[in-house]
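S.K.: Below is the structure I would like to discuss, written out as structure tokens.
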Amino acid sequence: MKKILLSSFFLFSTFGFSQSFIQAYKDRATQVKQTNINTILNDFAALGIKTTGSTSNNNALAWLKGKYAEFGYESTQITENKFTYSGKQSTNLIVTTTGTVYPTKFVIICGHYDTINGPGVNDNGSGTAVILEAARILKNISNEYSIKFIHFSGEEQGLLGSKAYVDNVVKATNPKMDIVLVLNLDEVGGVAGKVNNQIVAEKDGTPTYPAGGMYSGYPSTNNAASAVKTTELKNSILNYSNITPVDGYIERSDYMPFEKEGYVVTGLYEANQSNKPHTASDTYVNMDPVYVYNVAQGVVGAIQHFSTADMSLTLGTNDTKKNLKDLVSIFPNPANDFVNIGLEGKGYATTILDLSGKVVLQSKDQQNLDTSKLKNGVYMVQVTTTGDSTTKKLIIKK
């Protein structure tokens with residue numbers, strides 16, 4: 001990605017916005033492994049300069065396919081979209097998981113794997129690493145919407161791969177492909193030696209690229225929806241990672257061909273902008289692998305939010321009993337007309353008993369409970385999930 005002008009941005013404030021924190025999403029986000037990020041970045045570097053259509057570019061494609069096979073994806077989930085650049089063939093790789101409720105509606109997470117003039121460990125090994133780690137973690141997670149993990153080639157020569165995919169696949173689908181959102185990751189590696197604790201969340205809107213040329217004729221009708229989705233992205237980053245989102249606008253990267261077709265797009269880009277991309281110095285030692293790890297946690301959370309992933313808590317072993325006890329919180333306490341047990345998602349049941357052991361209230365997968373009919377006194381709140389339970393005291397005082 002080449003940023004010709006980085007827009008001025010400001011710290012995101014959560015005031016006026018709310019988005020539920022979901023413990024199951026957090027649990028999966030914490031499955032991101034620093035060792036996996038490091039290995040992917042070093043393997044990406046070892047593939048060399050992956051110029052579109054080159055042998056190294058083709059080797060990178062084979063490496064990507066091998067990673068998805070390693071994760072357990074079936075061959076039927078993996079497709080290729082080929083295009084030609086300077087007389088040579090290159091390939092976009094698309095990996096799809098099918099939604100349980102909306103199988104023909106897609107959330108796309110994408111980034112390019114081609115590089116220019118160097119190994120491109122930041123631009124865009126970093127985005128590639130995040131996509132791969134997210135795909136590994138979410139392999140067996142049920143989602144209401146289908147997800148496409150896409151690795152584009154040809155970005156550095158003018159978004160050739162993403163344009164070919166939009167022209168030859170998205171627009172060629174009858175009816176045209178129904179895409180809920182495109183989330184693009186391009187250059188999220190940070191700068192070695194700096195404090196990399198912010199990420200630019202990019203929304204559609206006032207363009208920072210010059211008018212005319214290849215970016216003329218882009219619609220504004222999708223701007224408002226992009227702003228909404230980008231706010232949701234920022235909330236997900238806040239909920240599921242320890243970095244802070246800041247505001248920016250979309251630039252020259254692989255979401256642009258989708259945006260031109262009227263689709264809703266958003267993206268992430270490093271806040272500390274490296275000067276190494278497109279040079280031989282775009283290497284592992286010049287970026288921040290820990291930052292990539294942190295970004296990956298936020299992205300895993302965001303994908304689950306956008307695809308409406310299964311919210312069931314995966315508790316029940318001896319190792320997780322303490323977690324359930326810590327997760328359940330009774331507030332307000334003393335309570336009056338309602339009580340919140342602090343859990344979200346599915347897969348748990350709540351029972352309120354008086355001190356004689358009589359059940360006075362039962363619910364399933366319900367965070368807020370109506371206690372308006374309970375008399376003043378002391379009660380026990382029992383929360384149960386698969387193979388595990390915890391009990392806490394509740395006081396009703398009116």
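The chains in the structure tokens are called A, B, ... from first to last as shown; in each chain the residues are counted from 1, and the ligands are counted from 1 in the order shown.
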If you run DSSP on the backbone, which residues of range 219-372 of chain A are strand (DSSP E), as a PyMOL selection string?

M.R.: chain A and resi 244-249+265-270+338-340+348-354+359-364+368-370

S.K.: Could you pull the residues within 6 Å of Ile94 in chain A, counting only C-alpha atoms, minus those fewer than 4 positions along the same chain, as a list in words?

M.R.: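 Counting only the stated atoms, we get Ile78, Thr79, Phe149 and Ile150 of chain A.
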
S.K.: For C-alpha atoms, I'd like the residues from the last selection saved as a JSON list (two decimals), in the first residue's frame.

M.R.:
[["chain", "number", "residue", "atom", "x", "y", "z"],
["A", 78, "ILE", "CA", -10.47, -22.96, -1.30],
["A", 79, "THR", "CA", -10.78, -21.32, -4.73],
["A", 149, "PHE", "CA", -10.61, -14.78, 3.69],
["A", 150, "ILE", "CA", -9.00, -13.35, 0.53]]

S.K.: Just asking: which residues within range 149-375 of chain A are helix (DSSP H, G or I) according to DSSP, as a PyMOL selection string?

M.R.: chain A and resi 160-170+213-215+223-240+256-260+284-286+289-307+318-327

S.K.: Please save C-alpha atoms of the selected residues as a short mmCIF file (atom, residue, chain, number, x, y, z; two decimals), in the first residue's frame.

M.R.:
data_model
loop_
_atom_site.label_atom_id
_atom_site.label_comp_id
_atom_site.auth_asym_id
_atom_site.auth_seq_id
_atom_site.Cartn_x
_atom_site.Cartn_y
_atom_site.Cartn_z
CA LEU A 160 -4.93 -5.58 -10.24
CA GLY A 161 -5.93 -8.65 -8.26
CA SER A 162 -8.82 -7.10 -6.36
CA LYS A 163 -10.08 -5.45 -9.53
CA ALA A 164 -9.97 -8.79 -11.36
CA TYR A 165 -11.87 -10.46 -8.54
CA VAL A 166 -14.57 -7.80 -8.49
CA ASP A 167 -14.92 -7.80 -12.28
CA ASN A 168 -14.74 -11.56 -12.86
CA VAL A 169 -16.29 -13.01 -9.72
CA VAL A 170 -18.29 -10.44 -7.73
CA GLY A 213 -7.33 9.27 -12.71
CA MET A 214 -8.02 5.71 -11.66
CA TYR A 215 -10.03 6.87 -8.62
CA ASN A 223 -20.14 6.54 3.02
CA ALA A 224 -22.69 6.60 5.84
CA ALA A 225 -22.83 2.81 6.12
CA SER A 226 -19.03 2.67 6.11
CA ALA A 227 -18.92 5.15 8.99
CA VAL A 228 -21.26 2.90 10.99
CA LYS A 229 -19.24 -0.25 10.30
CA THR A 230 -15.98 1.54 11.05
CA THR A 231 -17.37 2.60 14.42
CA GLU A 232 -18.23 -1.04 15.07
CA LEU A 233 -14.70 -1.99 14.03
CA LYS A 234 -13.25 0.52 16.49
CA ASN A 235 -15.45 -0.80 19.26
CA SER A 236 -14.27 -4.33 18.49
CA ILE A 237 -10.64 -3.21 18.65
CA LEU A 238 -11.35 -1.65 22.06
CA ASN A 239 -13.24 -4.71 23.30
CA TYR A 240 -10.83 -7.41 22.20
CA MET A 256 -11.24 0.33 -3.57
CA PRO A 257 -12.66 -1.85 -6.40
CA PHE A 258 -15.39 -2.99 -3.99
CA GLU A 259 -16.08 0.59 -2.91
CA LYS A 260 -16.47 1.64 -6.53
CA TYR A 284 11.17 -8.36 10.21
CA VAL A 285 13.65 -6.35 12.30
CA ASN A 286 12.23 -3.03 11.11
CA PRO A 289 5.66 -8.33 15.62
CA VAL A 290 4.01 -7.69 19.00
CA TYR A 291 1.93 -4.97 17.38
CA VAL A 292 0.79 -7.45 14.73
CA TYR A 293 -0.22 -9.82 17.54
CA ASN A 294 -2.28 -7.07 19.18
CA VAL A 295 -3.93 -6.10 15.89
CA ALA A 296 -4.77 -9.76 15.26
CA GLN A 297 -6.65 -10.01 18.55
CA GLY A 298 -8.81 -7.03 17.63
CA VAL A 299 -9.43 -8.41 14.15
CA VAL A 300 -10.49 -11.83 15.45
CA GLY A 301 -13.02 -10.06 17.67
CA ALA A 302 -14.20 -7.83 14.83
CA ILE A 303 -14.74 -10.68 12.38
CA GLN A 304 -16.88 -12.49 14.93
CA HIS A 305 -18.92 -9.34 15.48
CA PHE A 306 -19.50 -8.73 11.77
CA SER A 307 -20.28 -12.38 10.96
CA ASN A 318 -11.61 -28.06 35.84
CA ASP A 319 -9.27 -25.47 34.35
CA THR A 320 -12.15 -23.15 33.50
CA LYS A 321 -14.33 -23.35 36.62
CA LYS A 322 -12.55 -20.41 38.15
CA ASN A 323 -13.23 -18.46 34.95
CA LEU A 324 -17.01 -18.94 35.22
CA LYS A 325 -16.98 -17.82 38.83
CA ASP A 326 -15.06 -14.70 37.85
CA LEU A 327 -17.24 -14.03 34.82
#

S.K.: Kindly give the distance, in Å, that separates CA of Gly248 in chain A and CA of Asn222 in chain A, rounded to a single decimal.

M.R.: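 Atom-to-atom, CA of Gly248 in chain A to CA of Asn222 in chain A, that is 16.2 Å.
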
S.K.: May I ask which of the residues A:Ile395, A:Leu268, A:Ile49, A:Leu132 is the closest one to Asn117 in chain A, counting only C-alpha atoms?

M.R.: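 Comparing A:Ile395, A:Leu268, A:Ile49, A:Leu132 against Asn117 in chain A, the winner is A:Ile49.
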
S.K.: Report as JSON lines: every residue of range 27-132 of chain A with an atom at most 9 Å from range 188-206 of chain A, its closest pair of atoms, and their distance in Å to one decimal, counting only C-alpha atoms, with rows sorted by chain and ascending residue number.

M.R.:
{"residue": "A:Val121", "atom": "CA", "partner": "A:Gly189", "partner_atom": "CA", "distance": 8.0}
{"residue": "A:Asn122", "atom": "CA", "partner": "A:Gly189", "partner_atom": "CA", "distance": 5.0}
{"residue": "A:Asp123", "atom": "CA", "partner": "A:Gly189", "partner_atom": "CA", "distance": 7.8}
{"residue": "A:Asn124", "atom": "CA", "partner": "A:Val188", "partner_atom": "CA", "distance": 7.8}
{"residue": "A:Gly125", "atom": "CA", "partner": "A:Gly189", "partner_atom": "CA", "distance": 8.2}
{"residue": "A:Ser126", "atom": "CA", "partner": "A:Gly189", "partner_atom": "CA", "distance": 5.2}
{"residue": "A:Gly127", "atom": "CA", "partner": "A:Val188", "partner_atom": "CA", "distance": 6.0}
{"residue": "A:Val130", "atom": "CA", "partner": "A:Val188", "partner_atom": "CA", "distance": 8.8}

S.K.: From the options A:Ile341, A:Ala335, A:Leu353, A:Leu183, which residue's atoms come nearest to Thr371 in chain A, counting only C-alpha atoms?

M.R.: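 Comparing A:Ile341, A:Ala335, A:Leu353, A:Leu183 against Thr371 in chain A, the winner is A:Ala335.
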
S.K.: Distance CA of Pro334 in chain A-CA of Leu394 in chain A, one decimal place?

M.R.: 6.7 Å

S.K.: Give me the residues near Gln362 in chain A as an MDAnalysis selection string, where near means some atom within 7 Å (using only C-alpha atoms) and where sequence neighbours in that chain fewer than 4 positions away do not count.

M.R.: chainID A and resid 350:352

S.K.: Would you mind exporting the chosen residues as a PDB file, in the first residue's frame, restricted to C-alpha atoms?

M.R.:
ATOM      1  CA  THR A 350     -29.763 -19.004  35.480  1.00  0.00           C
ATOM      2  CA  THR A 351     -31.800 -20.088  38.490  1.00  0.00           C
ATOM      3  CA  ILE A 352     -32.727 -17.899  41.473  1.00  0.00           C
TER       4      ILE A 352
END

S.K.: Might you pull out every residue within 12 Å of Val95 in chain A, with only C-alpha atoms counted and same-chain residues fewer than 3 positions away left off, and present them as an MDAnalysis selection string?

M.R.: chainID A and resid 64:65 67:69 71:81 92 98 106:110 131:132 135:136 139 146:152

S.K.: Output C-alpha atoms for every residue in that selection, as a tab-separated table (two decimals), in the first residue's frame.

M.R.:
chain	number	residue	atom	x	y	z
A	64	LEU	CA	-0.68	-19.83	1.61
A	65	LYS	CA	-2.57	-22.84	0.30
A	67	LYS	CA	-1.28	-23.01	5.56
A	68	TYR	CA	-5.02	-23.41	4.98
A	69	ALA	CA	-4.59	-27.14	4.44
A	71	PHE	CA	-5.56	-25.46	9.44
A	72	GLY	CA	-7.93	-28.15	8.19
A	73	TYR	CA	-9.82	-26.29	5.47
A	74	GLU	CA	-11.33	-28.55	2.81
A	75	SER	CA	-10.40	-28.23	-0.85
A	76	THR	CA	-13.99	-27.26	-1.60
A	77	GLN	CA	-13.56	-24.17	0.59
A	78	ILE	CA	-10.47	-22.96	-1.30
A	79	THR	CA	-10.78	-21.32	-4.73
A	80	GLU	CA	-8.46	-19.37	-7.02
A	81	ASN	CA	-9.06	-16.35	-9.20
A	92	ASN	CA	-5.92	-14.45	-5.84
A	98	THR	CA	-20.44	-20.90	5.00
A	106	PHE	CA	-20.48	-12.48	2.86
A	107	VAL	CA	-18.12	-10.72	5.22
A	108	ILE	CA	-14.80	-10.33	3.42
A	109	ILE	CA	-11.46	-9.92	5.20
A	110	CYS	CA	-8.68	-9.29	2.74
A	131	ILE	CA	-5.65	-13.00	8.16
A	132	LEU	CA	-4.01	-16.41	8.53
A	135	ALA	CA	-8.63	-18.07	9.77
A	136	ARG	CA	-6.91	-20.64	12.00
A	139	LYS	CA	-11.97	-22.51	11.41
A	146	SER	CA	-20.42	-16.50	5.43
A	147	ILE	CA	-16.81	-15.33	5.64
A	148	LYS	CA	-14.30	-15.02	2.81
A	149	PHE	CA	-10.61	-14.78	3.69
A	150	ILE	CA	-9.00	-13.35	0.53
A	151	HIS	CA	-5.32	-12.93	-0.31
A	152	PHE	CA	-4.92	-10.65	-3.32

S.K.: Using only C-alpha atoms, which of A:Asn368, A:Asn57, A:Ser274, A:Thr308 sits nearest Tyr102 in chain A?

M.R.: A:Thr308

S.K.: May I have the residues within 10 Å of Gln367 in chain A as an mmCIF file with N, CA and C atoms, in the first residue's frame, using only C-alpha atoms and disregarding those fewer than 2 positions away in the same chain?

M.R.:
data_model
loop_
_atom_site.group_PDB
_atom_site.id
_atom_site.type_symbol
_atom_site.label_atom_id
_atom_site.label_comp_id
_atom_site.auth_asym_id
_atom_site.auth_seq_id
_atom_site.Cartn_x
_atom_site.Cartn_y
_atom_site.Cartn_z
ATOM 1 N N VAL A 339 -31.923 -7.417 37.771
ATOM 2 C CA VAL A 339 -30.537 -7.733 38.109
ATOM 3 C C VAL A 339 -29.843 -8.200 36.837
ATOM 4 N N ASN A 340 -28.582 -7.831 36.690
ATOM 5 C CA ASN A 340 -27.756 -8.220 35.543
ATOM 6 C C ASN A 340 -26.701 -9.195 36.047
ATOM 7 N N ILE A 341 -26.540 -10.327 35.365
ATOM 8 C CA ILE A 341 -25.594 -11.339 35.839
ATOM 9 C C ILE A 341 -24.226 -11.234 35.176
ATOM 10 N N GLY A 342 -24.053 -10.296 34.230
ATOM 11 C CA GLY A 342 -22.736 -10.034 33.668
ATOM 12 C C GLY A 342 -22.291 -10.953 32.559
ATOM 13 N N LEU A 343 -23.155 -11.858 32.095
ATOM 14 C CA LEU A 343 -22.809 -12.768 31.008
ATOM 15 C C LEU A 343 -23.573 -12.407 29.751
ATOM 16 N N GLU A 344 -22.922 -12.612 28.592
ATOM 17 C CA GLU A 344 -23.603 -12.472 27.313
ATOM 18 C C GLU A 344 -23.393 -13.736 26.513
ATOM 19 N N GLY A 345 -24.164 -13.884 25.459
ATOM 20 C CA GLY A 345 -23.999 -15.035 24.595
ATOM 21 C C GLY A 345 -25.028 -16.110 24.873
ATOM 22 N N LYS A 346 -24.655 -17.330 24.537
ATOM 23 C CA LYS A 346 -25.570 -18.457 24.673
ATOM 24 C C LYS A 346 -24.884 -19.591 25.430
ATOM 25 N N TYR A 348 -25.890 -20.830 28.653
ATOM 26 C CA TYR A 348 -25.939 -20.830 30.113
ATOM 27 C C TYR A 348 -27.386 -20.687 30.587
ATOM 28 N N ALA A 349 -27.635 -21.185 31.792
ATOM 29 C CA ALA A 349 -28.952 -21.097 32.420
ATOM 30 C C ALA A 349 -28.796 -20.456 33.787
ATOM 31 N N THR A 350 -29.790 -19.699 34.196
ATOM 32 C CA THR A 350 -29.763 -19.004 35.480
ATOM 33 C C THR A 350 -30.982 -19.407 36.299
ATOM 34 N N SER A 363 -34.213 -18.772 33.908
ATOM 35 C CA SER A 363 -34.066 -18.196 32.562
ATOM 36 C C SER A 363 -32.933 -18.903 31.842
ATOM 37 N N LYS A 364 -32.887 -18.717 30.537
ATOM 38 C CA LYS A 364 -31.831 -19.290 29.718
ATOM 39 C C LYS A 364 -31.289 -18.223 28.781
ATOM 40 N N ASP A 365 -29.962 -18.094 28.775
ATOM 41 C CA ASP A 365 -29.282 -17.152 27.873
ATOM 42 C C ASP A 365 -29.839 -15.743 28.012
ATOM 43 N N LEU A 369 -32.401 -9.907 34.252
ATOM 44 C CA LEU A 369 -33.519 -10.661 34.804
ATOM 45 C C LEU A 369 -34.492 -9.726 35.510
#

S.K.: Considering only C-alpha atoms, state which residue in the set A:Thr244, A:Glu187, A:Gln157, A:Asn174 is at the smallest distance from Thr84 in chain A.

M.R.: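 For Thr84 in chain A, the nearest of the given residues is A:Gln157.
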
S.K.: Calculate how many Å separate CA of Lys88 in chain A from CA of Leu61 in chain A, rounding to one decimal.

M.R.: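 A separation of 14.5 Å between them.
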
S.K.: Check the smallest atom-to-atom distance from each of A:Pro103, A:Gly158, A:Gly66, A:Gly111 to Thr52 in chain A using only C-alpha atoms, then report the winner.

M.R.: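 Nearest to Thr52 in chain A: A:Gly158.
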